[in-house]
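Dropping protein_32.txt in here (compact mmCIF, C-alpha atoms and all ligand atoms):
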```txt
# COMPACT_ATOMS: atom_id res chain seq x y z
CA MET A 944 3.48 -0.18 5.00
CA PHE A 945 3.42 -1.99 8.34
CA ARG A 946 5.26 -5.33 8.66
CA ILE A 947 3.31 -7.31 11.26
CA SER A 948 5.56 -10.36 10.89
CA HIS A 949 8.65 -8.29 11.64
CA PHE A 950 7.21 -7.32 15.04
CA ILE A 951 5.86 -10.80 15.78
CA ARG A 952 9.38 -12.20 15.23
CA GLU A 953 10.68 -9.61 17.71
CA LEU A 954 8.56 -11.24 20.45
CA ASP A 955 10.68 -14.39 20.39
CA HIS A 956 13.91 -13.04 18.91
CA PRO A 957 14.40 -9.42 19.98
CA THR A 958 16.99 -7.39 18.09
CA PRO A 959 18.40 -4.07 19.33
CA ALA A 960 16.20 -1.02 18.70
CA GLY A 961 17.98 1.94 17.16
CA PRO A 962 17.16 5.32 15.69
CA ARG A 963 14.96 5.59 12.61
CA ARG A 964 16.99 5.32 9.41
CA ASN A 965 15.63 6.55 6.08
CA PRO A 966 16.62 4.69 2.90
CA PRO A 967 18.63 6.76 0.38
CA GLY A 968 15.67 7.27 -1.94
CA PRO A 969 11.96 6.39 -1.89
CA VAL A 970 10.38 3.13 -3.01
CA VAL A 971 8.67 3.99 -6.32
CA ILE A 972 5.34 2.46 -7.26
CA TRP A 973 5.06 3.01 -10.99
CA ASN A 974 1.73 2.73 -12.79
CA LEU A 975 3.13 2.02 -16.25
CA ILE A 976 -0.29 1.60 -17.88
CA ARG A 977 -3.82 2.53 -16.84
CA ARG A 978 -5.60 0.05 -19.09
CA CYS A 979 -6.95 -3.00 -17.29
CA ASN A 980 -8.97 -6.09 -18.14
CA LEU A 981 -10.91 -5.64 -14.85
CA THR A 982 -12.88 -2.69 -13.46
CA CYS A 983 -12.72 -3.21 -9.69
CA GLU A 984 -15.13 -1.35 -7.43
CA HIS A 985 -12.40 0.29 -5.37
CA CYS A 986 -9.74 1.00 -8.01
CA TYR A 987 -7.74 4.14 -7.20
CA SER A 988 -6.52 4.44 -10.81
CA ILE A 989 -10.09 4.23 -12.20
CA SER A 990 -8.81 1.73 -14.73
CA ALA A 991 -10.90 0.19 -17.51
CA ASP A 992 -10.41 -1.82 -20.68
CA LYS A 993 -9.61 1.10 -22.96
CA ASP A 994 -6.58 3.03 -24.14
CA PHE A 995 -5.45 6.03 -22.10
CA PRO A 996 -3.53 8.34 -24.45
CA GLY A 997 -0.25 10.05 -23.58
CA GLU A 998 1.43 7.24 -21.62
CA LEU A 999 5.24 7.05 -21.42
CA ASP A 1000 6.73 4.98 -24.26
CA THR A 1001 9.56 2.49 -23.81
CA ALA A 1002 12.36 5.01 -24.47
CA GLU A 1003 10.83 7.47 -22.01
CA VAL A 1004 10.47 4.77 -19.36
CA PHE A 1005 14.14 3.83 -19.81
CA LYS A 1006 15.21 7.46 -19.43
CA VAL A 1007 13.13 7.85 -16.25
CA MET A 1008 14.76 4.68 -14.87
CA ASP A 1009 18.15 6.39 -15.24
CA ASP A 1010 16.76 9.37 -13.29
CA LEU A 1011 15.44 7.06 -10.59
CA LYS A 1012 18.82 5.42 -10.26
CA ALA A 1013 20.44 8.85 -9.93
CA ALA A 1014 17.88 9.67 -7.18
CA ARG A 1015 19.04 6.47 -5.38
CA VAL A 1016 15.65 4.79 -5.60
CA PRO A 1017 16.17 1.19 -4.35
CA VAL A 1018 12.85 -0.46 -5.28
CA LEU A 1019 10.55 -0.32 -8.32
CA ILE A 1020 7.06 -1.79 -8.07
CA LEU A 1021 5.76 -2.14 -11.63
CA SER A 1022 2.00 -1.65 -11.52
CA GLY A 1023 -1.01 -0.38 -13.46
CA GLY A 1024 -3.81 -0.82 -14.54
CA GLU A 1025 -2.68 -4.26 -15.42
CA PRO A 1026 1.07 -4.13 -16.15
CA LEU A 1027 1.00 -7.39 -18.13
CA LEU A 1028 -1.06 -5.55 -20.79
CA ARG A 1029 2.00 -3.45 -21.66
CA PRO A 1030 3.73 -5.19 -24.58
CA ASP A 1031 7.15 -3.95 -23.36
CA ILE A 1032 6.66 -4.93 -19.69
CA PHE A 1033 9.37 -7.60 -19.78
CA ASP A 1034 11.86 -5.27 -21.54
CA ILE A 1035 11.23 -2.71 -18.79
CA ALA A 1036 11.49 -5.26 -15.99
CA ARG A 1037 14.64 -6.85 -17.46
CA ARG A 1038 16.38 -3.49 -17.73
CA ALA A 1039 15.32 -2.56 -14.19
CA LYS A 1040 16.79 -5.82 -12.85
CA GLY A 1041 19.97 -5.23 -14.86
CA MET A 1042 20.30 -1.79 -13.26
CA GLY A 1043 20.20 -3.35 -9.79
CA PHE A 1044 16.73 -2.28 -8.63
CA TYR A 1045 14.68 -4.62 -6.43
CA VAL A 1046 11.84 -5.23 -8.91
CA ALA A 1047 8.31 -6.30 -8.03
CA LEU A 1048 5.34 -6.94 -10.29
CA SER A 1049 1.91 -5.81 -9.06
CA SER A 1050 -0.72 -7.71 -11.05
CA ASN A 1051 -4.31 -8.89 -10.87
CA GLY A 1052 -2.91 -12.29 -11.85
CA THR A 1053 -5.59 -13.14 -14.40
CA LEU A 1054 -3.17 -12.82 -17.32
CA ILE A 1055 -0.39 -14.99 -15.89
CA ASP A 1056 -0.58 -18.20 -17.91
CA GLU A 1057 1.43 -20.94 -19.62
CA GLY A 1058 2.20 -18.52 -22.45
CA ASN A 1059 4.09 -15.96 -20.34
CA ILE A 1060 5.24 -17.79 -17.20
CA ASP A 1061 8.64 -18.57 -18.79
CA ALA A 1062 9.16 -14.88 -19.45
CA ILE A 1063 8.03 -13.90 -15.93
CA ASP A 1064 10.33 -16.53 -14.45
CA GLY A 1065 13.20 -15.45 -16.69
CA ILE A 1066 13.10 -11.84 -15.48
CA GLY A 1067 13.88 -12.87 -11.92
CA PHE A 1068 11.27 -10.62 -10.30
CA ASP A 1069 12.09 -10.23 -6.63
CA TYR A 1070 8.40 -10.44 -5.84
CA VAL A 1071 5.08 -10.90 -7.61
CA GLY A 1072 1.97 -9.57 -5.84
CA VAL A 1073 -1.44 -10.78 -6.98
CA SER A 1074 -4.72 -9.31 -5.72
CA LEU A 1075 -7.37 -11.58 -4.21
CA ASP A 1076 -10.22 -9.68 -2.60
CA GLY A 1077 -12.14 -12.70 -1.39
CA ILE A 1078 -12.82 -16.31 -2.22
CA GLY A 1079 -14.62 -17.25 -5.46
CA ALA A 1080 -17.78 -15.23 -6.03
CA THR A 1081 -16.81 -12.54 -3.48
CA HIS A 1082 -13.66 -11.77 -5.45
CA ASP A 1083 -15.47 -11.92 -8.80
CA HIS A 1084 -18.12 -9.49 -7.55
CA PHE A 1085 -15.53 -7.06 -6.12
CA ARG A 1086 -13.48 -7.27 -9.32
CA ARG A 1087 -16.56 -7.25 -11.55
CA LYS A 1088 -15.53 -10.24 -13.61
CA GLN A 1089 -16.81 -13.77 -13.38
CA GLY A 1090 -13.98 -16.29 -13.35
CA ALA A 1091 -11.43 -13.73 -12.15
CA PHE A 1092 -10.76 -15.64 -8.91
CA ASP A 1093 -9.98 -18.93 -10.70
CA ALA A 1094 -7.75 -17.17 -13.22
CA SER A 1095 -5.83 -15.26 -10.52
CA LEU A 1096 -5.35 -18.39 -8.40
CA ALA A 1097 -4.09 -20.27 -11.46
CA GLY A 1098 -1.60 -17.43 -12.04
CA ILE A 1099 -0.43 -17.64 -8.41
CA ARG A 1100 0.05 -21.41 -8.68
CA LEU A 1101 2.12 -21.04 -11.86
CA CYS A 1102 4.42 -18.58 -10.10
CA LEU A 1103 4.71 -20.78 -7.01
CA ALA A 1104 5.59 -23.80 -9.15
CA ARG A 1105 8.55 -21.80 -10.52
CA GLY A 1106 9.72 -20.83 -7.04
CA ILE A 1107 8.87 -17.15 -7.53
CA LYS A 1108 8.15 -15.26 -4.28
CA VAL A 1109 4.42 -14.57 -4.41
CA GLY A 1110 2.07 -12.55 -2.23
CA VAL A 1111 -1.68 -12.19 -2.03
CA ARG A 1112 -2.98 -8.62 -1.75
CA TYR A 1113 -6.40 -8.14 -0.21
CA THR A 1114 -8.29 -4.87 0.19
CA MET A 1115 -10.94 -5.12 2.89
CA THR A 1116 -14.35 -3.46 2.86
CA GLU A 1117 -17.50 -4.31 4.82
CA GLY A 1118 -18.57 -6.37 1.78
CA ASN A 1119 -15.67 -8.85 1.68
CA ALA A 1120 -14.49 -8.93 5.33
CA HIS A 1121 -16.18 -12.31 5.86
CA ASP A 1122 -13.64 -13.93 3.51
CA LEU A 1123 -10.50 -12.86 5.36
CA ARG A 1124 -10.29 -16.09 7.35
CA GLY A 1125 -10.70 -18.16 4.19
CA LEU A 1126 -7.99 -16.20 2.42
CA LEU A 1127 -5.57 -16.70 5.30
CA LYS A 1128 -6.23 -20.43 5.11
CA LEU A 1129 -5.65 -20.37 1.36
CA VAL A 1130 -2.34 -18.57 1.88
CA GLU A 1131 -1.21 -21.33 4.23
CA ASP A 1132 -2.59 -24.24 2.16
CA GLU A 1133 -1.06 -22.98 -1.09
CA GLY A 1134 2.31 -22.12 0.46
CA ILE A 1135 2.03 -18.45 -0.53
CA ASP A 1136 4.92 -16.39 0.85
CA LYS A 1137 3.21 -13.16 1.81
CA PHE A 1138 -0.14 -11.68 2.77
CA TYR A 1139 -0.66 -7.97 2.22
CA PHE A 1140 -3.75 -6.56 3.93
CA SER A 1141 -4.76 -3.25 2.43
CA HIS A 1142 -7.20 -0.92 4.15
CA LEU A 1143 -9.50 0.87 1.73
CA ASN A 1144 -8.22 4.28 0.76
CA TYR A 1145 -10.52 7.01 -0.52
CA ALA A 1146 -9.03 7.47 -3.97
CA GLY A 1147 -10.55 7.07 -7.44
CA ARG A 1148 -13.41 4.56 -7.39
CA GLY A 1149 -12.44 3.75 -3.77
CA ASN A 1150 -13.52 7.30 -2.87
CA LYS A 1151 -16.76 6.97 -4.82
CA HIS A 1152 -17.55 3.78 -2.88
CA ARG A 1153 -16.18 4.88 0.48
CA ALA A 1154 -19.56 4.30 2.17
CA GLY A 1155 -18.72 0.59 1.83
CA ASP A 1156 -15.53 0.93 3.89
CA ALA A 1157 -15.16 -1.51 6.78
CA ARG A 1158 -16.65 -0.41 10.08
CA HIS A 1159 -14.12 0.20 12.85
CA ARG A 1160 -15.27 -2.91 14.70
CA THR A 1161 -14.75 -5.03 11.56
CA THR A 1162 -11.26 -3.61 11.15
CA ARG A 1163 -10.35 -4.33 14.77
CA GLU A 1164 -11.51 -7.94 14.44
CA ALA A 1165 -9.55 -8.31 11.19
CA MET A 1166 -6.36 -6.98 12.77
CA GLU A 1167 -6.68 -9.30 15.79
CA LEU A 1168 -7.11 -12.21 13.39
CA LEU A 1169 -4.02 -11.16 11.43
CA PHE A 1170 -1.87 -10.84 14.56
CA GLU A 1171 -3.01 -14.20 15.94
CA THR A 1172 -2.58 -15.95 12.57
CA CYS A 1173 0.89 -14.52 12.06
CA LEU A 1174 1.91 -15.56 15.60
CA ASP A 1175 0.47 -19.03 15.18
CA LEU A 1176 2.32 -19.63 11.88
CA HIS A 1177 5.53 -18.23 13.31
CA ARG A 1178 5.36 -20.54 16.33
CA ARG A 1179 4.68 -23.50 14.04
CA GLY A 1180 7.90 -22.63 12.15
CA ILE A 1181 6.06 -21.40 9.04
CA ASP A 1182 7.75 -18.20 7.97
CA LYS A 1183 5.54 -15.78 6.02
CA ASP A 1184 5.43 -12.02 5.64
CA PHE A 1185 2.30 -10.33 6.95
CA VAL A 1186 2.04 -6.71 5.93
CA THR A 1187 -0.64 -4.02 6.07
CA GLY A 1188 -1.04 -0.82 4.09
CA ASN A 1189 -3.06 2.42 4.08
CA ASN A 1190 -3.65 2.59 7.84
CA ASP A 1191 -0.65 3.02 10.12
CA ALA A 1192 -2.84 3.02 13.24
CA ASP A 1193 -2.24 -0.74 12.91
CA GLY A 1194 1.12 -0.18 14.65
CA VAL A 1195 -0.58 1.33 17.71
CA PHE A 1196 -3.21 -1.42 17.72
CA LEU A 1197 -0.42 -4.01 17.71
CA LEU A 1198 1.16 -2.28 20.71
CA HIS A 1199 -2.08 -2.70 22.69
CA TRP A 1200 -2.36 -6.30 21.58
CA VAL A 1201 1.20 -6.96 22.80
CA ARG A 1202 0.33 -5.24 26.10
CA ARG A 1203 -2.48 -7.76 26.62
CA ARG A 1204 -0.76 -10.86 25.26
CA PHE A 1205 2.96 -10.34 26.07
CA PRO A 1206 3.19 -7.63 28.76
CA ASP A 1207 6.91 -8.28 29.30
CA ARG A 1208 7.61 -7.35 25.65
CA VAL A 1209 5.75 -4.01 25.53
CA ALA A 1210 8.74 -1.74 26.06
CA HIS A 1211 10.78 -3.51 23.40
CA VAL A 1212 7.99 -3.57 20.80
CA GLU A 1213 7.18 0.07 21.48
CA ALA A 1214 10.80 1.05 20.84
CA LYS A 1215 10.75 -0.96 17.60
CA LEU A 1216 7.47 0.66 16.52
CA ARG A 1217 8.97 4.11 17.09
CA GLN A 1218 11.96 3.09 15.00
CA TRP A 1219 9.56 2.14 12.19
CA GLY A 1220 7.81 5.51 12.52
CA GLY A 1221 4.52 5.03 10.67
CA ASN A 1222 3.23 6.54 7.47
CA ALA A 1223 5.92 7.23 4.87
CA SER A 1224 3.93 8.73 1.97
CA GLY A 1225 5.88 11.59 0.44
CA VAL A 1226 8.97 10.51 2.40
CA ASN A 1227 9.99 6.92 1.65
CA VAL A 1228 7.20 6.07 -0.82
CA ALA A 1229 6.58 7.80 -4.15
CA ASN A 1230 4.37 7.23 -7.15
CA ILE A 1231 4.70 7.89 -10.88
CA ASP A 1232 1.47 7.56 -12.84
CA ASN A 1233 0.96 6.35 -16.41
CA LEU A 1234 1.43 9.88 -17.80
CA GLY A 1235 4.69 10.46 -15.93
CA VAL A 1236 3.17 12.62 -13.19
CA VAL A 1237 4.77 12.21 -9.75
CA HIS A 1238 2.55 11.93 -6.64
CA PRO A 1239 3.29 11.49 -2.89
CA ASP A 1240 1.97 7.91 -3.22
CA THR A 1241 -0.52 5.96 -5.33
CA MET A 1242 -3.55 7.33 -3.46
CA TRP A 1243 -2.67 10.95 -4.25
CA TRP A 1244 -3.37 10.99 -8.00
CA HIS A 1245 -5.44 14.14 -7.39
CA VAL A 1246 -2.22 15.92 -6.33
CA PRO A 1247 0.36 16.36 -9.14
CA LEU A 1248 3.89 17.28 -8.07
CA GLY A 1249 5.51 17.52 -11.52
CA ASN A 1250 6.09 15.43 -14.65
CA VAL A 1251 9.19 13.30 -15.25
CA ARG A 1252 9.00 14.31 -18.92
CA GLN A 1253 9.88 17.86 -17.90
CA ARG A 1254 12.01 17.49 -14.75
CA ALA A 1255 14.19 14.77 -13.29
CA PHE A 1256 12.42 12.69 -10.63
CA GLY A 1257 14.87 13.68 -7.87
CA GLU A 1258 14.29 17.36 -8.54
CA ILE A 1259 10.51 16.97 -8.30
CA TRP A 1260 10.78 14.84 -5.17
CA ASN A 1261 12.99 17.30 -3.30
CA ASP A 1262 11.05 20.41 -4.32
CA LEU A 1263 9.26 21.50 -1.15
CA SER A 1264 7.33 24.33 -2.79
CA ASP A 1265 4.31 22.04 -2.89
CA PRO A 1266 2.50 22.50 0.48
CA LEU A 1267 1.20 18.93 0.63
CA LEU A 1268 4.61 17.35 -0.04
CA ALA A 1269 6.26 19.74 2.41
CA GLY A 1270 3.62 18.90 5.04
CA LEU A 1271 4.03 15.15 4.55
CA LYS A 1272 7.81 15.40 4.89
CA GLN A 1273 7.59 17.63 7.98
CA HIS A 1274 8.38 15.75 11.18
CA PRO A 1275 6.28 15.69 13.26
CA ARG A 1276 3.43 16.43 10.89
CA ARG A 1277 1.05 19.23 11.92
CA LEU A 1278 -2.11 17.25 12.48
CA GLU A 1279 -5.49 18.23 13.83
CA GLY A 1280 -8.40 16.67 15.72
CA ARG A 1281 -7.82 13.25 17.31
CA CYS A 1282 -4.67 12.71 15.25
CA GLY A 1283 -3.27 16.02 16.52
CA ALA A 1284 -3.90 15.02 20.15
CA CYS A 1285 -2.83 11.37 19.85
CA ARG A 1286 -0.08 10.17 22.22
CA HIS A 1287 1.20 7.67 19.67
CA ILE A 1288 1.85 10.01 16.79
CA ASP A 1289 5.53 8.96 16.77
CA ILE A 1290 4.39 5.41 15.96
CA CYS A 1291 1.69 6.11 13.35
CA ASN A 1292 2.77 9.51 11.92
CA GLY A 1293 -0.86 10.37 11.25
CA SER A 1294 -1.51 7.43 8.91
CA SER A 1295 -2.64 8.06 5.33
CA ARG A 1296 -3.76 11.67 4.96
CA VAL A 1297 -5.85 10.89 1.87
CA ARG A 1298 -9.12 9.99 3.63
CA ALA A 1299 -9.13 13.15 5.76
CA GLY A 1300 -8.50 15.22 2.63
CA GLN A 1301 -11.28 13.56 0.65
CA VAL A 1302 -13.85 13.69 3.45
CA THR A 1303 -13.18 17.17 4.86
CA GLY A 1304 -11.10 18.99 2.22
CA ASN A 1305 -8.32 19.30 4.83
CA PRO A 1306 -5.57 16.66 4.57
CA TRP A 1307 -4.33 17.42 8.10
CA ALA A 1308 -7.68 16.68 9.79
CA GLU A 1309 -8.11 13.46 11.79
CA ASP A 1310 -8.23 10.23 9.78
CA PRO A 1311 -11.85 8.99 9.75
CA ALA A 1312 -10.54 5.42 9.48
CA CYS A 1313 -8.60 5.53 12.77
CA TYR A 1314 -10.30 2.72 14.62
CA LEU A 1315 -8.54 3.19 17.98
CA SER A 1316 -10.51 4.24 21.06
CA ASP A 1317 -9.74 7.42 23.00
CA ASP A 1318 -8.16 5.26 25.71
CA GLU A 1319 -5.92 3.59 23.16
CA ILE A 1320 -4.63 6.91 21.83
CA GLY A 1321 -4.38 8.39 25.34
CA VAL A 1322 -6.83 11.29 24.95
CA THR A 1323 -10.20 12.53 26.14
CA PRO A 1324 -12.67 14.39 23.90
CA ALA A 1325 -11.63 17.61 25.62
CA ASP A 1326 -8.11 17.12 24.22
CA TYR A 1327 -9.21 17.10 20.63
CA GLY A 1328 -12.03 19.56 21.23
CA ARG A 1329 -9.28 22.08 22.03
CA GLU A 1330 -7.69 21.79 18.62
CA ARG A 1331 -4.58 23.70 17.85
CA VAL A 1332 -5.41 26.19 15.11
CA VAL A 1333 -3.39 25.29 12.06
CA THR A 1334 -3.72 27.32 8.92
CA THR A 1335 -3.30 25.04 5.99
CA PRO A 1336 -2.54 26.33 2.51
CA TRP A 1337 -4.55 23.49 1.10
CA VAL A 1338 -6.58 24.27 -1.97
CA ARG A 1339 -5.77 21.90 -4.74
CA LEU A 1340 -8.07 18.90 -4.54
CA GLN A 1341 -8.77 18.31 -8.21
CA LYS A 1342 -11.78 16.52 -9.56
CA VAL A 1343 -11.12 13.01 -10.85
CA ASP A 1344 -13.56 11.68 -13.44
CA ALA A 1345 -15.02 8.36 -12.33
C1 LIG A 1401 -4.27 -0.45 -8.76
S1 LIG A 1401 -3.85 -2.15 -8.57
C2 LIG A 1401 -2.77 -2.40 -9.95
C3 LIG A 1401 -2.26 -3.81 -10.07
C4 LIG A 1401 -3.29 -4.84 -10.49
N1 LIG A 1401 -4.16 -4.41 -11.51
C5 LIG A 1401 -4.07 -5.37 -9.30
O1 LIG A 1401 -5.26 -5.16 -9.21
O2 LIG A 1401 -3.44 -5.98 -8.44
C6 LIG A 1401 -2.71 -2.22 -7.18
C7 LIG A 1401 -3.32 -2.61 -5.84
O3 LIG A 1401 -4.01 -1.51 -5.31
C8 LIG A 1401 -5.18 -1.98 -4.68
N2 LIG A 1401 -6.12 -0.87 -4.63
C9 LIG A 1401 -6.73 -0.28 -5.67
N3 LIG A 1401 -7.52 0.72 -5.26
C10 LIG A 1401 -7.41 0.77 -3.91
C11 LIG A 1401 -8.00 1.58 -2.90
N4 LIG A 1401 -8.86 2.54 -3.22
N5 LIG A 1401 -7.67 1.35 -1.62
C12 LIG A 1401 -6.80 0.36 -1.28
N6 LIG A 1401 -6.20 -0.44 -2.19
C13 LIG A 1401 -6.51 -0.24 -3.49
C14 LIG A 1401 -5.62 -3.12 -5.59
O4 LIG A 1401 -6.54 -3.98 -4.95
C15 LIG A 1401 -4.30 -3.76 -5.89
O5 LIG A 1401 -3.98 -4.71 -4.90
S1 LIG A 1402 -7.48 -2.62 -8.96
FE1 LIG A 1402 -6.11 -3.51 -10.49
S2 LIG A 1402 -7.32 -5.12 -11.50
FE2 LIG A 1402 -8.74 -3.78 -10.48
S3 LIG A 1402 -9.37 -2.28 -12.06
FE3 LIG A 1402 -7.70 -1.37 -10.82
S4 LIG A 1402 -5.91 -1.83 -11.96
FE4 LIG A 1402 -7.48 -3.26 -12.71
```
Full structure transcribed into structure tokens:
Amino acid sequence: MFRISHFIRELDHPTPAGPRRNPPGPVVIWNLIRRCNLTCEHCYSISADKDFPGELDTAEVFKVMDDLKAARVPVLILSGGEPLLRPDIFDIARRAKGMGFYVALSSNGTLIDEGNIDAIDGIGFDYVGVSLDGIGATHDHFRRKQGAFDASLAGIRLCLARGIKVGVRYTMTEGNAHDLRGLLKLVEDEGIDKFYFSHLNYAGRGNKHRAGDARHRTTREAMELLFETCLDLHRRGIDKDFVTGNNDADGVFLLHWVRRRFPDRVAHVEAKLRQWGGNASGVNVANIDNLGVVHPDTMWWHVPLGNVRQRAFGEIWNDLSDPLLAGLKQHPRRLEGRCGACRHIDICNGSSRVRAGQVTGNPWAEDPACYLSDDEIGVTPADYGRERVVTTPWVRLQKVDA
């Protein structure tokens, strides 16, 4: 996760740069249910409106929460499928809040209504994220449900009216990129607190539809727009969080943008970007799926690390016998191709390794979604033509049924 707004604030109000500090335990994104009332084109969890047997029941979820506390996990993001379809979602969220976790709800928003807004408000969620993948028909097409946009926006407005911190989450492909500007305007007009820009990752249905991923040029234009919008709002005294996910090359792109726009701030921003350190999958971000299986993050459902029904979360998370988890935690990571040669690896940390794994079978190969030019990563083709030879014990890409 890359916090654009954090770095934009540093332009006007610099704070001292220090060494990178890891939180005591990872942020856990927890897919409590795989069922969903939508069937989005890009969905990594391949959710649908049907029961998925074998999910953790309430007592099991509570027990796992105790394990997560013992593993010093600070943040729980309750997700799905659609988490509001779990009848015990508020019992789970209430207990999580009572245990002192920062608790966020990750929802498609269509099921937030007058009937449950009191309960949502009563929990005291620290944050509610609602997905909007375009305006009106674009969103409905992407999410394969007519009326989804209106229902999600109504859900957002109900939350805002209660003073709940709300964010819009947008996953960009070539098919919905034209609505980014409109969404940013909606975020300002509606007084929404946060905008989360998610790059497409090649997982689940997102992998099946990866040919529709945004072209590099589209991504570059989108990032410029995000930086300029965030700066403009900041300078107008409107404080919002702008965050991106699934492509940590965004940090390096920001550095080049700062070099052009605020040359006197480059050294400071570069030091801050190094302190951030790029991709944190398998390090500061973890995932538990609906069956209790732990993964390095949500986009790695094809890589099981262990099941919380059999072993405590902390034990699974610290077990480096899995070559992928060990490789993700290694610092610096042993990367190949352009990523291996890149001068800014200490800023990006090789980004998400999922796309390389899905496209080539080798999770340490260069990320096909890195949209930076050779100049911007400080290499020539000869540099990455002379790849270091890295033998990778990588064999376990499992088939996911789509
Ligand atoms: C799996 S959904 C679960 C919560 C809820 N159903 C929703 O759609 O917001 C969590 C978030 O992941 C995003 N997402 C799903 N598949 C993705 C993919 N392949 N690449 C990037 N983001 C993805 C969704 O758009 C959504 O914002
Ligand atoms: S992305 Fe969310 S709303 Fe869409 S199908 Fe997946 S779980 Fe459901």
Nearby polymer residues, ligand LIG 1401 (chain A), at most 8 Å, all atoms listed in the file, as a count of residues only
39
Kindly give the distance, in Å, that separates CA of Pro959 (chain A) and CA of Cys1285 (chain A), rounded to a single decimal.
26.3 Å
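Across the structure, CA of Pro1239 (chain A) and CA of Leu1263 (chain A) are spaced 11.8 Å apart.
The interatomic distance for the pair CA of Asp1093 (chain A) and CA of Phe1138 (chain A) works out to 18.2 Å.
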Which of these residues is nearest to ligand LIG 1402 (chain A), using all atoms listed in the file: A:Ala1312, A:Ile1060, A:Leu1198, A:Leu1021?
A:Leu1021
Counting all atoms listed in the file, the option among A:Thr1172, A:Ser1095, A:Thr1161, A:Thr1323 closest to ligand LIG 1402 (chain A)
A:Ser1095
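If all atoms listed in the file are the atoms counted, then among A:Val1209, A:Ala1165, A:Ala1036, A:Met944 the closest residue to Asp1240 (chain A) is A:Met944.
Of the residues under consideration (A:Thr1241, A:Gly1079, A:Gly1134, A:Asn1190), A:Thr1241 shows the shortest atom-to-atom contact distance to ligand LIG 1402 (chain A) when counting all atoms listed in the file.
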Could you rebuild region 1171-1185 of chain A with N, CA and C atoms and give it back as a CSV table (one decimal), in the coordinates of the input?
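Saved the output as part13.csv:
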```csv
chain,number,residue,atom,x,y,z
A,1171,GLU,N,-3.0,-12.8,15.4
A,1171,GLU,CA,-3.0,-14.2,15.9
A,1171,GLU,C,-2.5,-15.2,14.9
A,1172,THR,N,-3.0,-15.0,13.6
A,1172,THR,CA,-2.6,-16.0,12.6
A,1172,THR,C,-1.1,-15.9,12.3
A,1173,CYS,N,-0.6,-14.7,12.3
A,1173,CYS,CA,0.9,-14.5,12.1
A,1173,CYS,C,1.7,-15.2,13.2
A,1174,LEU,N,1.2,-15.0,14.4
A,1174,LEU,CA,1.9,-15.6,15.6
A,1174,LEU,C,1.8,-17.1,15.5
A,1175,ASP,N,0.7,-17.6,15.2
A,1175,ASP,CA,0.5,-19.0,15.2
A,1175,ASP,C,1.4,-19.7,14.1
A,1176,LEU,N,1.4,-19.1,12.9
A,1176,LEU,CA,2.3,-19.6,11.9
A,1176,LEU,C,3.8,-19.5,12.3
A,1177,HIS,N,4.2,-18.4,12.9
A,1177,HIS,CA,5.5,-18.2,13.3
A,1177,HIS,C,5.9,-19.3,14.3
A,1178,ARG,N,5.0,-19.6,15.3
A,1178,ARG,CA,5.4,-20.5,16.3
A,1178,ARG,C,5.3,-22.0,15.8
A,1179,ARG,N,4.7,-22.2,14.7
A,1179,ARG,CA,4.7,-23.5,14.0
A,1179,ARG,C,5.8,-23.6,13.0
A,1180,GLY,N,6.7,-22.6,13.0
A,1180,GLY,CA,7.9,-22.6,12.2
A,1180,GLY,C,7.6,-22.3,10.7
A,1181,ILE,N,6.4,-21.7,10.4
A,1181,ILE,CA,6.1,-21.4,9.0
A,1181,ILE,C,6.3,-19.9,8.9
A,1182,ASP,N,7.3,-19.6,8.0
A,1182,ASP,CA,7.8,-18.2,8.0
A,1182,ASP,C,7.1,-17.5,6.8
A,1183,LYS,N,6.2,-16.6,7.1
A,1183,LYS,CA,5.5,-15.8,6.0
A,1183,LYS,C,5.6,-14.3,6.4
A,1184,ASP,N,5.5,-13.5,5.4
A,1184,ASP,CA,5.4,-12.0,5.6
A,1184,ASP,C,4.0,-11.6,5.7
A,1185,PHE,N,3.6,-10.9,6.8
A,1185,PHE,CA,2.3,-10.3,7.0
A,1185,PHE,C,2.5,-8.8,7.0
```
